[in-house]
Amino acid sequence: MKLHHKLILLFVFSLFMANLEAVIVVYLRELYYPEGFHFPLKLIPTKIFIIELIREFSTIVMLLSIGILCGKFFIERFFYFIFCFGVWDIFYYVWLKLFLNWPESLMTDDILFLIPVPWIAPVYAPVTIAISMIIFSLISFYLQQKGYVLKTDKFSTLTAFVGVVLILFSFTYDFQKRVASISPVEFPLLIFLIGEILLILSYLLFLRNMKKLTG
């Protein structure tokens, strides 16, 4: 299958996977936030909380599985994974906007994930990362089609790791206080931005290491 056909199918898969998740969130908010989602977060029954954790874990397994199925080696599989993740994350908010007219803006606070602790950030934060994921993956696939070998190195990997750690810290920092806060929730923007810059830098280092096949 040609690359652009594969990417179109992956886009459709991620688009409707986002739709499915948004529908579940619509049901949850109808049950627990009938007046509209807001902070502080409400306590939900333990059984429902565990089911929600399983659903979130299942989502990541699905995205990883599609990346593994589509790619031939680790780094290629990784870029398929982040392409799907990025599309899914962006269109999750698009569907919620269509269904609930939420979020009100990119500055609206959201709870992004619950594993292993709650992740909290304004909507622009995950959307920024999602856009980066899509751009990184599309550039990589384009260069691969031009004969370049996708190859990483220790320094770019370490830079990316530090960036991811900082971003995750910005999402989970003082989460116990933040889930009980009233919007707008405190967000360590500077830490997030440093993490995002490190991710971009790591990708530029990755591009520098790519070499074109000859012959």
# chains A, B, ... in the order shown; residues from 1 in each chain; ligands from 1
call {"tool": "residues_around", "arguments": {"residues": "Ala130 of chain A", "least_positions_apart": "5", "cutoff": "7 Å", "atoms": "only C-alpha atoms", "output": "VMD selection string"}}
result
chain A and resid 86 to 87 89 to 90
call {"tool": "residues_around", "arguments": {"residues": "Leu158 of chain A", "least_positions_apart": "4", "cutoff": "12 Å", "atoms": "only C-alpha atoms", "output": "NGL selection string"}}
result
:A and (152-154 or 162-165 or 198-199 or 201-203 or 205-206)
call {"tool": "residues_around", "arguments": {"residues": "Phe16 of chain A", "least_positions_apart": "6", "cutoff": "12 Å", "atoms": "only C-alpha atoms", "output": "MDAnalysis selection string"}}
result
chainID A and resid 9:10 22:23 84 87:92 94:95
call {"tool": "residues_around", "arguments": {"residues": "Glu52 of chain A", "least_positions_apart": "3", "cutoff": "10 Å", "atoms": "only C-alpha atoms", "output": "ChimeraX atom specification"}}
result
/A:24,28,46-49,55-58,113-115
call {"tool": "closest_residue", "arguments": {"among": "A:Ile200, A:Ser137, A:Leu100, A:Leu193", "to": "Tyr33 of chain A", "atoms": "only C-alpha atoms"}}
result
A:Leu100
call {"tool": "closest_residue", "arguments": {"among": "A:Ile131, A:Leu98, A:Val149, A:Ile60", "to": "Val26 of chain A", "atoms": "only C-alpha atoms"}}
result
A:Leu98
call {"tool": "select_by_dssp", "arguments": {"residues": "segment 5-109 of chain A", "states": "alpha helix (DSSP H)", "output": "count of residues only"}}
result
80
call {"tool": "closest_residue", "arguments": {"among": "A:Trp102, A:Leu189, A:Leu69, A:Leu150", "to": "Ala125 of chain A", "atoms": "only C-alpha atoms"}}
result
A:Leu189
call {"tool": "residues_around", "arguments": {"residues": "Phe141 of chain A", "least_positions_apart": "2", "cutoff": "9 Å", "atoms": "only C-alpha atoms", "output": "NGL selection string"}}
result
:A and (3 or 76 or 79 or 136-139 or 143-146 or 150)
call {"tool": "residues_around", "arguments": {"residues": "Gly36 of chain A", "least_positions_apart": "4", "cutoff": "12 Å", "atoms": "only C-alpha atoms", "output": "list of chain:residue names"}}
result
A:Val25, A:Val26, A:Leu28, A:Arg29, A:Glu30, A:Leu31, A:Tyr32, A:Pro40, A:Leu41, A:Lys42, A:Leu100, A:Asn101, A:Trp102, A:Pro103, A:Glu104
call {"tool": "select_by_dssp", "arguments": {"residues": "segment 9-171 of chain A", "states": "strand (DSSP E)", "output": "list in words"}}
result
Asp109, Asp110, Ile111, Leu112, Phe113, Trp119, Ile120, Ala121, Pro122, Tyr148 and Val149 of chain A
call {"tool": "write_last_selection", "arguments": {"atoms": "N, CA and C atoms", "output": "PDB file, in the first residue's frame"}}
result
ATOM      1  N   ASP A 109      -9.356  24.852  30.821  1.00  0.00           N
ATOM      2  CA  ASP A 109      -8.657  23.774  31.530  1.00  0.00           C
ATOM      3  C   ASP A 109      -9.347  22.437  31.272  1.00  0.00           C
ATOM      4  N   ASP A 110      -8.521  21.383  31.192  1.00  0.00           N
ATOM      5  CA  ASP A 110      -9.058  20.045  30.971  1.00  0.00           C
ATOM      6  C   ASP A 110      -8.252  19.038  31.774  1.00  0.00           C
ATOM      7  N   ILE A 111      -8.878  17.916  32.088  1.00  0.00           N
ATOM      8  CA  ILE A 111      -8.152  16.794  32.661  1.00  0.00           C
ATOM      9  C   ILE A 111      -7.829  15.855  31.509  1.00  0.00           C
ATOM     10  N   LEU A 112      -6.549  15.668  31.243  1.00  0.00           N
ATOM     11  CA  LEU A 112      -6.113  14.989  30.033  1.00  0.00           C
ATOM     12  C   LEU A 112      -6.054  13.485  30.180  1.00  0.00           C
ATOM     13  N   PHE A 113      -5.650  13.041  31.363  1.00  0.00           N
ATOM     14  CA  PHE A 113      -5.381  11.620  31.562  1.00  0.00           C
ATOM     15  C   PHE A 113      -5.421  11.359  33.061  1.00  0.00           C
ATOM     16  N   TRP A 119      -3.655  14.270  34.949  1.00  0.00           N
ATOM     17  CA  TRP A 119      -2.912  15.240  34.141  1.00  0.00           C
ATOM     18  C   TRP A 119      -3.855  16.403  33.869  1.00  0.00           C
ATOM     19  N   ILE A 120      -3.414  17.626  34.164  1.00  0.00           N
ATOM     20  CA  ILE A 120      -4.279  18.799  34.020  1.00  0.00           C
ATOM     21  C   ILE A 120      -3.533  19.882  33.258  1.00  0.00           C
ATOM     22  N   ALA A 121      -4.207  20.471  32.267  1.00  0.00           N
ATOM     23  CA  ALA A 121      -3.581  21.533  31.474  1.00  0.00           C
ATOM     24  C   ALA A 121      -4.644  22.262  30.663  1.00  0.00           C
ATOM     25  N   PRO A 122      -4.354  23.482  30.228  1.00  0.00           N
ATOM     26  CA  PRO A 122      -5.231  24.140  29.257  1.00  0.00           C
ATOM     27  C   PRO A 122      -5.221  23.355  27.946  1.00  0.00           C
ATOM     28  N   TYR A 148      15.825   8.560   2.582  1.00  0.00           N
ATOM     29  CA  TYR A 148      16.572   8.746   3.820  1.00  0.00           C
ATOM     30  C   TYR A 148      16.231   7.641   4.816  1.00  0.00           C
ATOM     31  N   VAL A 149      17.225   7.263   5.603  1.00  0.00           N
ATOM     32  CA  VAL A 149      17.042   6.230   6.619  1.00  0.00           C
ATOM     33  C   VAL A 149      16.648   6.879   7.942  1.00  0.00           C
TER      34      VAL A 149
END
call {"tool": "closest_residue", "arguments": {"among": "A:Phe81, A:Phe99, A:Ala18, A:Arg208", "to": "Ser156 of chain A", "atoms": "only C-alpha atoms"}}
result
A:Arg208
call {"tool": "closest_residue", "arguments": {"among": "A:Lys177, A:His5, A:Lys211, A:Lys151", "to": "Phe78 of chain A", "atoms": "only C-alpha atoms"}}
result
A:Lys151
